[in-house]
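Trainee: What follows is target38.cif, mmCIF, C-alpha atoms.
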```
data_my_file
loop_
_atom_site.label_atom_id
_atom_site.label_comp_id
_atom_site.auth_asym_id
_atom_site.auth_seq_id
_atom_site.Cartn_x
_atom_site.Cartn_y
_atom_site.Cartn_z
CA MET A 1 26.33 73.21 -19.36
CA LYS A 2 28.67 75.23 -21.54
CA LEU A 3 31.12 72.77 -23.03
CA ILE A 4 33.34 74.91 -25.23
CA SER A 5 35.46 77.93 -24.56
CA ILE A 6 34.54 81.31 -25.99
CA GLY A 7 37.43 81.27 -28.40
CA PHE A 8 36.82 77.79 -29.73
CA THR A 9 34.57 78.82 -32.62
CA THR A 10 37.43 80.90 -33.99
CA LEU A 11 39.84 78.06 -33.43
CA ILE A 12 37.91 75.43 -35.38
CA LEU A 13 37.66 77.73 -38.38
CA THR A 14 41.44 77.66 -38.64
CA LEU A 15 41.80 73.91 -38.29
CA THR A 16 41.41 71.28 -40.95
CA GLY A 17 38.42 69.01 -40.71
CA CYS A 18 38.56 65.53 -39.33
CA GLY A 19 36.94 62.29 -40.39
CA GLY A 20 39.61 61.21 -42.86
CA ASP A 21 40.13 64.22 -45.14
CA SER A 22 43.53 64.99 -46.66
CA GLY A 23 44.16 67.85 -44.25
CA GLY A 24 43.84 65.50 -41.32
CA ALA A 25 46.22 63.02 -42.91
CA ALA A 26 48.72 65.81 -43.48
CA ASN A 27 48.55 66.80 -39.84
CA LEU A 28 49.43 63.23 -38.83
CA ALA A 29 52.39 63.22 -41.20
CA ASN A 30 53.55 66.68 -40.08
CA ASP A 31 53.68 65.56 -36.42
CA SER A 32 51.80 68.48 -34.90
CA CYS A 33 52.13 66.78 -31.52
CA SER A 34 55.92 67.17 -31.56
CA ASP A 35 55.56 70.74 -32.77
CA LEU A 36 54.15 71.65 -29.34
CA ASN A 37 57.13 70.31 -27.40
CA SER A 38 58.24 72.70 -24.68
CA ASP A 39 59.49 72.71 -21.10
CA ALA A 40 55.93 71.96 -20.02
CA PHE A 41 54.96 69.36 -22.62
CA ASN A 42 56.75 66.59 -24.49
CA CYS A 43 54.84 64.49 -27.00
CA GLU A 44 57.02 61.40 -26.77
CA GLN A 45 56.88 61.46 -22.98
CA MET A 46 53.09 61.75 -23.17
CA LEU A 47 52.93 58.62 -25.31
CA GLN A 48 55.21 56.76 -22.91
CA ASP A 49 53.11 57.83 -19.92
CA ILE A 50 49.85 56.71 -21.53
CA THR A 51 51.36 53.40 -22.61
CA ALA A 52 52.57 52.91 -19.04
CA VAL A 53 49.03 53.31 -17.70
CA ALA A 54 47.76 50.60 -20.05
CA SER A 55 50.75 48.37 -19.29
CA ASN A 56 50.15 48.70 -15.56
CA ASN A 57 46.57 47.57 -16.10
CA VAL A 58 47.86 44.50 -17.92
CA ASP A 59 50.28 43.77 -15.06
CA THR A 60 47.36 43.90 -12.64
CA LEU A 61 45.32 41.74 -15.00
CA VAL A 62 47.93 38.98 -14.79
CA THR A 63 47.76 39.01 -11.00
CA ASP A 64 43.98 39.09 -10.94
CA LEU A 65 43.60 36.30 -13.53
CA THR A 66 46.05 34.12 -11.62
CA GLN A 67 43.89 34.49 -8.53
CA LEU A 68 40.74 33.78 -10.56
CA ASP A 69 42.31 30.59 -11.85
CA THR A 70 43.15 29.54 -8.29
CA ASP A 71 39.61 30.28 -7.14
CA ILE A 72 38.01 28.35 -9.99
CA VAL A 73 40.23 25.35 -9.31
CA SER A 74 39.13 25.45 -5.66
CA TYR A 75 35.49 25.70 -6.67
CA CYS A 76 35.79 22.72 -9.01
CA ASP A 77 37.38 20.67 -6.22
CA VAL A 78 34.67 21.25 -3.62
CA GLN A 79 31.74 22.80 -5.50
CA ASP A 80 30.25 24.53 -2.48
CA THR A 81 28.55 27.91 -2.24
CA ALA A 82 31.44 29.61 -0.45
CA SER A 83 34.02 28.67 -3.08
CA LEU A 84 31.63 29.62 -5.88
CA ASN A 85 31.06 33.04 -4.32
CA THR A 86 34.82 33.54 -4.00
CA ALA A 87 35.28 32.76 -7.70
CA LYS A 88 32.42 35.09 -8.62
CA ALA A 89 33.92 37.93 -6.58
CA GLN A 90 37.29 37.47 -8.26
CA TRP A 91 35.68 37.46 -11.70
CA LEU A 92 34.26 40.89 -10.85
CA VAL A 93 37.75 42.08 -9.86
CA VAL A 94 39.17 40.88 -13.17
CA MET A 95 36.36 42.47 -15.16
CA ALA A 96 36.85 45.88 -13.53
CA ASN A 97 40.34 45.90 -15.03
CA VAL A 98 39.24 44.49 -18.38
CA GLN A 99 36.51 47.13 -18.75
CA GLN A 100 39.10 49.86 -18.22
CA LEU A 101 41.32 48.21 -20.83
CA GLU A 102 38.39 48.32 -23.25
CA VAL A 103 39.16 52.02 -23.82
CA MET A 104 42.89 51.33 -24.12
CA GLN A 105 42.74 49.28 -27.30
CA PHE A 106 45.82 50.65 -28.98
CA GLY A 107 49.06 48.97 -29.94
CA LEU A 108 49.55 45.45 -28.63
CA ILE A 109 46.47 45.63 -26.42
CA GLU A 110 44.19 46.19 -29.40
CA GLY A 111 45.37 42.97 -31.02
CA ALA A 112 45.00 40.96 -27.80
CA ARG A 113 41.59 42.22 -26.70
CA ASP A 114 39.42 39.40 -28.08
CA ASN A 115 41.56 36.80 -26.36
CA PHE A 116 40.20 38.01 -23.02
CA TYR A 117 36.73 39.36 -23.63
CA ASN A 118 34.60 39.61 -26.72
CA TRP A 119 31.21 41.03 -25.87
CA PRO A 120 28.86 41.27 -27.70
CA LEU A 121 29.88 38.02 -29.39
CA ASN A 122 29.21 35.84 -26.33
CA ASP A 123 27.05 32.85 -27.19
CA SER A 124 25.78 30.66 -24.34
CA CYS A 125 24.18 28.23 -26.78
CA ARG A 126 27.43 27.50 -28.60
CA LEU A 127 29.19 27.24 -25.25
CA ASP A 128 26.69 24.57 -24.15
CA VAL A 129 27.36 22.68 -27.38
CA GLN A 130 31.10 22.95 -26.83
CA ILE A 131 30.91 21.58 -23.29
CA ALA A 132 28.53 18.78 -24.31
CA SER A 133 30.60 17.64 -27.28
CA ALA A 134 34.36 17.95 -26.88
CA PRO A 135 35.06 20.63 -24.27
CA LEU A 136 38.80 20.19 -23.78
CA GLU A 137 39.84 18.63 -27.09
CA ASP A 138 41.66 21.00 -29.45
CA PHE A 139 40.93 23.89 -27.09
CA ASP A 140 43.30 26.18 -28.98
CA THR A 141 41.02 26.02 -32.00
CA VAL A 142 37.89 27.01 -30.06
CA SER A 143 36.56 30.42 -31.07
CA ASN A 144 37.14 33.34 -28.73
CA SER A 145 33.42 33.67 -28.05
CA ARG A 146 33.59 30.33 -26.18
CA ARG A 147 36.86 30.77 -24.32
CA GLY A 148 36.90 34.26 -22.80
CA LEU A 149 35.77 35.91 -19.61
CA ASN A 150 32.21 36.17 -20.93
CA ALA A 151 32.13 32.35 -21.09
CA VAL A 152 33.44 32.19 -17.52
CA GLU A 153 30.66 34.57 -16.46
CA TYR A 154 28.02 32.23 -17.89
CA ILE A 155 29.46 29.21 -16.09
CA LEU A 156 30.02 30.86 -12.70
CA PHE A 157 26.90 32.96 -12.45
CA LYS A 158 24.63 30.29 -13.90
CA PRO A 159 26.24 27.19 -12.41
CA GLU A 160 23.20 25.04 -13.05
CA VAL A 161 23.12 23.50 -16.51
CA LEU A 162 20.93 25.79 -18.57
CA ALA A 163 21.13 23.87 -21.83
CA SER A 164 20.08 27.09 -23.52
CA CYS A 165 19.43 25.40 -26.86
CA ALA A 166 19.07 21.69 -26.15
CA SER A 167 16.08 21.48 -28.46
CA GLN A 168 18.25 22.59 -31.37
CA PHE A 169 21.30 20.39 -30.83
CA SER A 170 21.09 16.67 -30.12
CA ALA A 171 24.60 16.73 -28.66
CA ILE A 172 23.26 18.67 -25.67
CA SER A 173 20.16 16.57 -25.06
CA THR A 174 22.20 13.38 -25.38
CA TRP A 175 24.78 14.73 -22.95
CA GLN A 176 22.04 15.59 -20.48
CA SER A 177 20.68 12.06 -20.68
CA ASP A 178 24.07 10.44 -20.27
CA ASN A 179 25.25 12.53 -17.30
CA THR A 180 23.83 13.35 -13.90
CA SER A 181 23.28 16.99 -13.00
CA ALA A 182 26.34 16.83 -10.73
CA GLU A 183 28.46 15.49 -13.58
CA GLN A 184 27.17 18.17 -15.90
CA LYS A 185 27.93 20.88 -13.36
CA LEU A 186 31.45 19.54 -12.87
CA ALA A 187 32.04 19.43 -16.62
CA ARG A 188 31.08 23.08 -16.91
CA CYS A 189 33.38 23.95 -14.04
CA GLU A 190 36.27 22.04 -15.60
CA TYR A 191 35.72 23.98 -18.80
CA ALA A 192 35.86 27.28 -16.88
CA LYS A 193 39.09 26.06 -15.29
CA ARG A 194 40.56 25.39 -18.73
CA ILE A 195 39.62 28.89 -19.82
CA SER A 196 41.10 30.60 -16.77
CA ALA A 197 44.38 28.70 -17.10
CA ASP A 198 44.61 29.73 -20.76
CA LEU A 199 43.86 33.38 -19.91
CA VAL A 200 46.70 33.46 -17.38
CA VAL A 201 49.12 32.29 -20.07
CA THR A 202 47.79 34.80 -22.61
CA ALA A 203 47.94 37.72 -20.17
CA THR A 204 51.44 36.79 -19.05
CA GLU A 205 52.63 36.75 -22.66
CA LEU A 206 51.07 40.17 -23.28
CA LYS A 207 52.70 41.55 -20.13
CA ALA A 208 56.11 40.33 -21.34
CA GLU A 209 55.58 41.88 -24.78
CA LEU A 210 54.73 45.24 -23.21
CA VAL A 211 57.91 45.47 -21.14
CA ASN A 212 59.94 46.95 -23.99
CA TYR A 213 57.04 48.09 -26.13
CA ASP A 214 57.39 51.43 -27.93
CA ILE A 215 54.15 52.56 -29.54
CA THR A 216 56.00 55.11 -31.67
CA SER A 217 57.73 52.30 -33.60
CA GLU A 218 54.42 51.38 -35.23
CA PHE A 219 53.77 54.80 -36.77
CA THR A 220 55.41 57.28 -39.09
CA SER A 221 54.98 60.14 -36.60
CA LEU A 222 54.27 60.77 -32.95
CA GLN A 223 51.04 62.46 -33.99
CA ALA A 224 49.89 59.25 -35.67
CA ALA A 225 50.71 57.29 -32.51
CA ALA A 226 48.72 59.77 -30.45
CA ASN A 227 45.85 59.45 -32.93
CA SER A 228 45.70 55.69 -32.30
CA ILE A 229 45.17 56.41 -28.60
CA SER A 230 42.45 58.90 -29.49
CA ASP A 231 40.79 56.21 -31.62
CA ALA A 232 40.71 53.90 -28.60
CA LEU A 233 38.75 56.50 -26.62
CA PHE A 234 35.97 56.27 -29.18
CA TYR A 235 34.96 53.02 -27.51
CA ILE A 236 33.06 55.35 -25.16
CA ASP A 237 31.09 56.64 -28.12
CA LYS A 238 30.18 53.51 -30.05
CA GLN A 239 30.17 50.91 -27.28
CA THR A 240 29.62 52.57 -23.90
CA LYS A 241 27.13 55.19 -25.09
CA ASP A 242 25.47 53.48 -28.04
CA ALA A 243 25.63 49.70 -27.59
CA LYS A 244 25.50 49.65 -23.79
CA ILE A 245 23.05 52.50 -23.14
CA ARG A 246 21.32 53.91 -26.21
CA ASP A 247 20.41 50.57 -27.77
CA VAL A 248 18.69 49.30 -24.63
CA LEU A 249 16.51 52.41 -24.21
CA PRO A 250 13.59 53.69 -26.31
CA GLN A 251 14.60 56.49 -28.67
CA GLU A 252 11.05 57.38 -29.74
CA SER A 253 7.66 57.24 -28.07
CA THR A 254 6.89 53.87 -29.65
CA GLY A 255 10.28 52.45 -28.72
CA VAL A 256 10.88 49.71 -26.19
CA PHE A 257 13.20 48.95 -23.29
CA SER A 258 15.51 46.07 -24.22
CA ALA A 259 17.12 44.58 -21.12
CA ASN A 260 18.17 41.57 -23.23
CA LEU A 261 20.75 43.80 -24.96
CA LEU A 262 22.54 44.73 -21.74
CA GLU A 263 26.13 43.65 -21.51
CA SER A 264 26.14 41.49 -18.40
CA GLN A 265 23.23 39.09 -18.64
CA PHE A 266 24.34 36.64 -15.94
CA ALA A 267 26.38 38.59 -13.38
CA LEU A 268 24.01 41.58 -13.78
CA VAL A 269 26.78 44.16 -13.34
CA SER A 270 26.28 46.25 -16.47
CA LYS A 271 26.45 49.52 -14.53
CA THR A 272 29.83 48.55 -13.04
CA HIS A 273 31.15 47.82 -16.53
CA LEU A 274 29.97 51.25 -17.68
CA LYS A 275 31.66 52.94 -14.74
CA ASN A 276 34.96 51.21 -15.42
CA ASN A 277 34.84 52.21 -19.09
CA LEU A 278 34.62 55.83 -17.93
CA ILE A 279 37.34 55.37 -15.32
CA GLY A 280 39.60 53.98 -18.03
CA ALA A 281 38.91 56.96 -20.31
CA LYS A 282 39.62 59.36 -17.47
CA ALA A 283 42.94 57.61 -16.76
CA ILE A 284 44.05 57.98 -20.38
CA LEU A 285 43.13 61.66 -20.48
CA GLN A 286 44.88 62.41 -17.21
CA ALA A 287 47.97 60.43 -18.25
CA GLY A 288 48.71 62.84 -21.06
CA LEU A 289 46.02 63.75 -23.58
CA ASN A 290 44.78 66.56 -21.36
CA ASP A 291 48.35 67.90 -21.28
CA TYR A 292 48.25 67.88 -25.09
CA LEU A 293 45.05 69.94 -24.97
CA ILE A 294 46.59 72.38 -22.52
CA ALA A 295 49.71 72.71 -24.67
CA SER A 296 47.33 73.52 -27.54
CA GLY A 297 45.83 76.35 -25.50
CA GLN A 298 42.60 74.57 -24.60
CA GLN A 299 42.62 74.08 -20.84
CA SER A 300 38.84 74.55 -20.85
CA ILE A 301 38.28 71.50 -23.09
CA ALA A 302 40.52 69.40 -20.88
CA THR A 303 38.56 70.50 -17.82
CA GLU A 304 35.17 69.88 -19.44
CA MET A 305 36.09 66.37 -20.57
CA ILE A 306 36.98 65.32 -17.04
CA LEU A 307 33.88 67.08 -15.67
CA THR A 308 31.52 65.26 -18.04
CA LEU A 309 33.09 61.92 -17.15
CA ASP A 310 32.75 62.69 -13.44
CA ASN A 311 29.09 63.67 -13.95
CA ALA A 312 28.38 60.38 -15.68
CA ILE A 313 30.18 58.40 -12.96
CA THR A 314 28.15 60.23 -10.29
CA ASN A 315 24.98 59.29 -12.17
CA ILE A 316 26.01 55.63 -12.35
CA ASP A 317 26.68 55.65 -8.61
CA ALA A 318 23.13 56.95 -8.08
CA ILE A 319 21.69 53.75 -9.60
CA SER A 320 20.94 51.69 -6.51
CA GLY A 321 19.99 48.36 -8.10
CA ASN A 322 21.09 46.54 -11.22
CA MET A 323 20.25 47.84 -14.67
CA ASN A 324 18.60 44.61 -15.81
CA THR A 325 15.90 44.86 -13.15
CA ALA A 326 15.29 48.57 -13.75
CA ILE A 327 15.03 48.26 -17.52
CA THR A 328 12.94 45.10 -17.41
CA GLY A 329 10.41 46.89 -15.21
CA ALA A 330 10.38 50.14 -17.18
CA SER A 331 7.46 51.18 -19.38
CA GLU A 332 7.39 54.97 -19.75
CA ALA A 333 9.19 55.54 -23.04
CA SER A 334 8.38 59.26 -23.26
CA ALA A 335 9.67 59.96 -19.76
CA CYS A 336 12.89 58.12 -20.55
CA ILE A 337 13.36 60.06 -23.76
CA ASN A 338 12.91 63.31 -21.84
CA ASN A 339 15.53 62.29 -19.29
CA ALA A 340 17.88 61.27 -22.08
CA ALA A 341 17.35 64.58 -23.87
CA ASN A 342 18.38 66.84 -21.00
CA GLY A 343 20.04 64.67 -18.38
CA THR A 344 17.58 65.54 -15.63
CA TYR A 345 16.60 63.09 -12.92
CA ASP A 346 15.51 63.50 -9.31
CA GLY A 347 16.82 60.19 -8.02
CA SER A 348 13.35 58.79 -7.40
CA SER A 349 13.96 55.74 -9.59
CA ASP A 350 16.85 53.86 -11.15
CA ILE A 351 15.32 54.05 -14.61
CA GLN A 352 15.39 57.86 -14.45
CA SER A 353 19.12 57.77 -13.74
CA ILE A 354 19.76 55.21 -16.46
CA CYS A 355 17.90 57.24 -19.09
CA ALA A 356 19.71 60.43 -18.04
CA LEU A 357 23.01 58.59 -18.31
CA GLN A 358 22.66 58.56 -22.08
CA PHE A 359 22.75 62.36 -21.98
CA ASN A 360 25.68 62.43 -19.54
CA ILE A 361 27.87 60.22 -21.69
CA LYS A 362 26.84 62.03 -24.86
CA GLU A 363 28.12 65.27 -23.34
CA PHE A 364 31.56 63.66 -23.19
CA THR A 365 31.44 62.03 -26.62
CA ASP A 366 30.27 65.25 -28.29
CA ILE A 367 33.41 66.97 -27.02
CA LEU A 368 35.50 63.95 -28.03
CA LYS A 369 34.19 63.93 -31.58
CA PHE A 370 34.44 67.65 -32.22
CA GLU A 371 36.37 70.02 -29.92
CA PHE A 372 38.89 67.39 -28.84
CA ALA A 373 39.54 65.95 -32.30
CA GLN A 374 39.66 69.36 -33.97
CA THR A 375 41.98 70.93 -31.42
CA LEU A 376 44.50 68.09 -31.59
CA SER A 377 44.18 67.60 -35.36
CA PHE A 378 43.12 63.99 -34.95
CA ILE A 379 41.37 62.02 -37.66
CA ARG A 380 38.28 60.50 -36.13
CA PRO A 381 37.77 56.77 -36.74
CA ALA A 382 35.33 56.24 -39.60
CA ILE A 383 32.87 54.55 -37.27
CA ALA A 384 32.41 57.85 -35.43
CA ASP A 385 30.97 59.59 -38.49
CA GLY A 386 27.33 59.53 -39.49
CA ASP A 387 25.84 59.68 -35.99
CA ASN A 388 22.13 60.42 -35.77
CA ASP A 389 22.09 61.20 -32.08
#
```
Rewrite the structure from the file as structure tokens, please.

Mentor:
Amino acid sequence: MKLISIGFTTLILTLTGCGGDSGGAANLANDSCSDLNSDAFNCEQMLQDITAVASNNVDTLVTDLTQLDTDIVSYCDVQDTASLNTAKAQWLVVMANVQQLEVMQFGLIEGARDNFYNWPLNDSCRLDVQIASAPLEDFDTVSNSRRGLNAVEYILFKPEVLASCASQFSAISTWQSDNTSAEQKLARCEYAKRISADLVVTATELKAELVNYDITSEFTSLQAAANSISDALFYIDKQTKDAKIRDVLPQESTGVFSANLLESQFALVSKTHLKNNLIGAKAILQAGLNDYLIASGQQSIATEMILTLDNAITNIDAISGNMNTAITGASEASACINNAANGTYDGSSDIQSICALQFNIKEFTDILKFEFAQTLSFIRPAIADGDND
């Protein structure tokens, strides 16, 4: 696939480099975004439109979390399979929104992110200790890794008491001895209920803060504000592509498949999380950044970025089962590396599609890191430099 326009080589020779050099900093200060204002493009309006997309997601998050809280309360009251399944289904609804917000970590949302979800810092062992010791005492001081949606996932999708590290902590083994399995299960449910109630409050506060939020007030120029949105898109590079795909697949013939590194270890919906990351990125581009590219004379880059995202989403949709099962059962490292190198797959197995997905997402992030950043004079986040893939 040809990912750059014919004239782009000439263009990048005239632009300053990115990755934190002084030329990039000057471009942010000079407000090159505003310099392109015309009847067809307005930088400030673009920023407002993109912020509105993220704000709308937060509005929906409040509604979805409120329903999740209601469903968890119902489950705790009756503890039957039907109410548990309802709570599980609503958790999936909430997470679809949260995974889209993962690529919208700019402004107020960036600061609030860990209050809702903090993968990969989830820790089922510490959560077991928390529930066995003092689950509801001083809840506000409990670390985010034990009070977010990842903790709710563990409780709902593994409702039996796992006691994942009882041999290491006497508090857990003592708690097991002192409580029946039904009492233990109820305690875990009550803890999930405390989390969901807290999340509703936190999301409602964020929604209120976003009502009159102006992202431009945080920066010295509109270009700098736009750059913060660009930085948020790099979640697709370092998290979606690397942590969620690349790190679980072999990268050399002696490499291994590591299903234990997948994001969703209990709900087993890693592929859905990936898809929603890409949907979120597409929403941000279509809300205004593609207009910025077009105003810069690079319609082709705007088109290719959407195309590569769509290709990756199509590939995810071709995975029929869950990624955990496919990766756990995989063994052909060389075949996976070949799929990852050229994006080819014939649909005969889920692992083929998963390995090819690394290539699909890399097509997008390559454009993001180079053509996109160069065209719009963005400084790439430091974490984006030094790639070896």

Trainee: With a cut-off of 6 Å, could you pull out the residues of stretch 177-284 of chain A touching stretch 100-123 of chain A and give me the nearest pair of atoms for each, distance in Å to one decimal, using all atoms listed in the file, ordered by chain and ascending number, as JSON lines?

Mentor:
```
{"residue": "A:Ile229", "atom": "CA", "partner": "A:Phe106", "partner_atom": "CA", "distance": 5.8}
{"residue": "A:Ala232", "atom": "CA", "partner": "A:Gln105", "partner_atom": "CA", "distance": 5.2}
{"residue": "A:Leu233", "atom": "CA", "partner": "A:Val103", "partner_atom": "CA", "distance": 5.3}
{"residue": "A:Tyr235", "atom": "CA", "partner": "A:Val103", "partner_atom": "CA", "distance": 5.7}
{"residue": "A:Asn276", "atom": "CA", "partner": "A:Gln100", "partner_atom": "CA", "distance": 5.2}
{"residue": "A:Asn277", "atom": "CA", "partner": "A:Gln100", "partner_atom": "CA", "distance": 4.9}
{"residue": "A:Gly280", "atom": "CA", "partner": "A:Gln100", "partner_atom": "CA", "distance": 4.2}
```

Trainee: Could you dump the residues just selected with C-alpha atoms as an mmCIF file, in the coordinates of the input?

Mentor:
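Result file is part.cif:
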```
data_model
loop_
_atom_site.group_PDB
_atom_site.id
_atom_site.type_symbol
_atom_site.label_atom_id
_atom_site.label_comp_id
_atom_site.auth_asym_id
_atom_site.auth_seq_id
_atom_site.Cartn_x
_atom_site.Cartn_y
_atom_site.Cartn_z
ATOM 1 C CA ILE A 229 45.170 56.410 -28.600
ATOM 2 C CA ALA A 232 40.710 53.900 -28.600
ATOM 3 C CA LEU A 233 38.750 56.500 -26.620
ATOM 4 C CA TYR A 235 34.960 53.020 -27.510
ATOM 5 C CA ASN A 276 34.960 51.210 -15.420
ATOM 6 C CA ASN A 277 34.840 52.210 -19.090
ATOM 7 C CA GLY A 280 39.600 53.980 -18.030
#
```

Trainee: Could you check how far atom CA of A:Thr375 sits from atom CA of A:Gly297, in Å to one decimal?

Mentor: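 Value for the atom CA of A:Thr375-atom CA of A:Gly297 distance: 8.9 Å.
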
Trainee: Determine the nearest neighbour of A:Ser258 from the options A:Ser331, A:Asp39, A:Thr272, A:Thr70, counting all atoms listed in the file.

Mentor: A:Ser331

Trainee: Can you tell me, as a count of residues only, which residues sit within 12 Å of (59.9, 50.3, -27.4) in the file's frame, using all atoms listed in the file?

Mentor: 17

Trainee: Please determine, counting all atoms listed in the file, which residue among A:Asn97, A:Ser181, A:Thr303, A:Thr202 has the shortest atom-to-atom distance to A:Leu285.

Mentor: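 For A:Leu285, the nearest of the given residues is A:Thr303.
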
Trainee: Which residues, written as a PDB file with C-alpha atoms, keeping the file's coordinate frame, have at least one atom at most 10 Å from A:Trp175, with all atoms listed in the file counted and residues fewer than 6 positions away on the same chain left out?

Mentor:
```pdb
ATOM      1  CA  VAL A 129      27.360  22.680 -27.380  1.00  0.00           C
ATOM      2  CA  ILE A 131      30.910  21.580 -23.290  1.00  0.00           C
ATOM      3  CA  ALA A 132      28.530  18.780 -24.310  1.00  0.00           C
ATOM      4  CA  SER A 133      30.600  17.640 -27.280  1.00  0.00           C
ATOM      5  CA  ALA A 163      21.130  23.870 -21.830  1.00  0.00           C
ATOM      6  CA  ALA A 166      19.070  21.690 -26.150  1.00  0.00           C
ATOM      7  CA  GLN A 184      27.170  18.170 -15.900  1.00  0.00           C
TER       8      GLN A 184
END
```

Trainee: Between A:Ala82, A:Val58, A:Ala151, A:Leu206, which one has atoms that come closest to A:Ala192, using all atoms listed in the file?

Mentor: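 Under the stated criterion, the closest residue is A:Ala151.
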
Trainee: On this structure, the PyMOL selection byres ((chain A and resi 344) around 10) would catch which residues? List them as an NGL selection string, sorted by chain and number.

Mentor: :A and (338-343 or 345-347 or 352-353 or 355-357 or 359-360)

Trainee: Using all atoms listed in the file, find the one residue out of A:Ile245, A:Ala267, A:Ala384, A:Ser143 that sits nearest to A:Ile316.

Mentor: A:Ile245

Trainee: To one decimal place, how far is atom CA of A:Asp247 from atom CA of A:Asn227 in Å?

Mentor: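 Value for the atom CA of A:Asp247-atom CA of A:Asn227 distance: 27.4 Å.
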
Trainee: Once the PyMOL selection byres ((chain A and resi 260) around 10) has been evaluated on this model, what residues remain selected, and can you format them as a count of residues only?

Mentor: 12

Trainee: For a quick check of understanding, using all atoms listed in the file, which of A:Ile195, A:Ile294, A:Cys189, A:Ile72 has the smallest distance to A:Val142?

Mentor: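 Selected residue with least distance to A:Val142: A:Ile195.
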
Trainee: What residues come out when you apply the PyMOL selection byres ((chain A and resi 68) around 8) to this file, written as a list in words?

Mentor: Asp64, Leu65, Thr66, Gln67, Asp69, Thr70, Asp71, Ile72, Ala87, Gln90, Trp91, Val94 and Ser196 of chain A

Trainee: From the set A:Ile367, A:Val200, A:Leu162, A:Ala89, which residue has the shortest atom-to-atom contact distance to A:Val269, counting all atoms listed in the file?

Mentor: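 With all atoms listed in the file as the atom set, the closest residue is A:Ala89.
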
Trainee: Got a sec: who's within 12 Å of A:Ala302, counting only C-alpha atoms, leaving out chain neighbours fewer than 5 positions off, as JSON, numbers by chain?

Mentor: {"A": [3, 4, 5, 282, 284, 285, 286, 287, 288, 289, 290, 291, 292, 293, 294, 295, 296, 297, 307, 308, 309, 364, 367, 368, 371, 372, 373, 375, 376]}

Trainee: Give me a file of those residues, with C-alpha atoms, as a compact mmCIF listing (two decimals), in the coordinates of the input.

Mentor:
```txt
# COMPACT_ATOMS: atom_id res chain seq x y z
CA LEU A 3 31.12 72.77 -23.03
CA ILE A 4 33.34 74.91 -25.23
CA SER A 5 35.46 77.93 -24.56
CA LYS A 282 39.62 59.36 -17.47
CA ILE A 284 44.05 57.98 -20.38
CA LEU A 285 43.13 61.66 -20.48
CA GLN A 286 44.88 62.41 -17.21
CA ALA A 287 47.97 60.43 -18.25
CA GLY A 288 48.71 62.84 -21.06
CA LEU A 289 46.02 63.75 -23.58
CA ASN A 290 44.78 66.56 -21.36
CA ASP A 291 48.35 67.90 -21.28
CA TYR A 292 48.25 67.88 -25.09
CA LEU A 293 45.05 69.94 -24.97
CA ILE A 294 46.59 72.38 -22.52
CA ALA A 295 49.71 72.71 -24.67
CA SER A 296 47.33 73.52 -27.54
CA GLY A 297 45.83 76.35 -25.50
CA LEU A 307 33.88 67.08 -15.67
CA THR A 308 31.52 65.26 -18.04
CA LEU A 309 33.09 61.92 -17.15
CA PHE A 364 31.56 63.66 -23.19
CA ILE A 367 33.41 66.97 -27.02
CA LEU A 368 35.50 63.95 -28.03
CA GLU A 371 36.37 70.02 -29.92
CA PHE A 372 38.89 67.39 -28.84
CA ALA A 373 39.54 65.95 -32.30
CA THR A 375 41.98 70.93 -31.42
CA LEU A 376 44.50 68.09 -31.59
```

Trainee: With only C-alpha atoms as the counted atoms, please give the residues lying no more than 12 Å from A:Glu190, apart from itself and same-chain residues fewer than 4 positions off, as a PyMOL selection string.

Mentor: chain A and resi 69+72-77+79+131+135-136+152+155-156+159+183-186+194-197

Trainee: Would you compute the distance between atom CA of A:Ala382 and atom CA of A:Cys336? Give it in Å to one decimal.

Mentor: 29.5 Å

Trainee: Please rebuild stretch 208-215 of chain A with N, CA and C atoms and give the result as an mmCIF file, keeping the file's coordinate frame.

Mentor:
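File selection-v5.cif, as written:
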```
data_model
loop_
_atom_site.group_PDB
_atom_site.id
_atom_site.type_symbol
_atom_site.label_atom_id
_atom_site.label_comp_id
_atom_site.auth_asym_id
_atom_site.auth_seq_id
_atom_site.Cartn_x
_atom_site.Cartn_y
_atom_site.Cartn_z
ATOM 1 N N ALA A 208 54.704 40.410 -20.938
ATOM 2 C CA ALA A 208 56.110 40.330 -21.340
ATOM 3 C C ALA A 208 56.366 41.150 -22.607
ATOM 4 N N GLU A 209 55.428 41.123 -23.540
ATOM 5 C CA GLU A 209 55.580 41.880 -24.780
ATOM 6 C C GLU A 209 55.564 43.388 -24.530
ATOM 7 N N LEU A 210 54.861 43.811 -23.482
ATOM 8 C CA LEU A 210 54.730 45.240 -23.210
ATOM 9 C C LEU A 210 55.926 45.830 -22.466
ATOM 10 N N VAL A 211 56.782 44.972 -21.934
ATOM 11 C CA VAL A 211 57.910 45.470 -21.140
ATOM 12 C C VAL A 211 58.769 46.444 -21.933
ATOM 13 N N ASN A 212 59.099 46.093 -23.152
ATOM 14 C CA ASN A 212 59.940 46.950 -23.990
ATOM 15 C C ASN A 212 59.171 47.547 -25.172
ATOM 16 N N TYR A 213 57.859 47.626 -25.021
ATOM 17 C CA TYR A 213 57.040 48.090 -26.130
ATOM 18 C C TYR A 213 57.153 49.601 -26.332
ATOM 19 N N ASP A 214 57.318 50.011 -27.566
ATOM 20 C CA ASP A 214 57.390 51.430 -27.930
ATOM 21 C C ASP A 214 56.340 51.687 -28.994
ATOM 22 N N ILE A 215 55.258 52.340 -28.605
ATOM 23 C CA ILE A 215 54.150 52.560 -29.540
ATOM 24 C C ILE A 215 54.571 53.391 -30.743
#
```
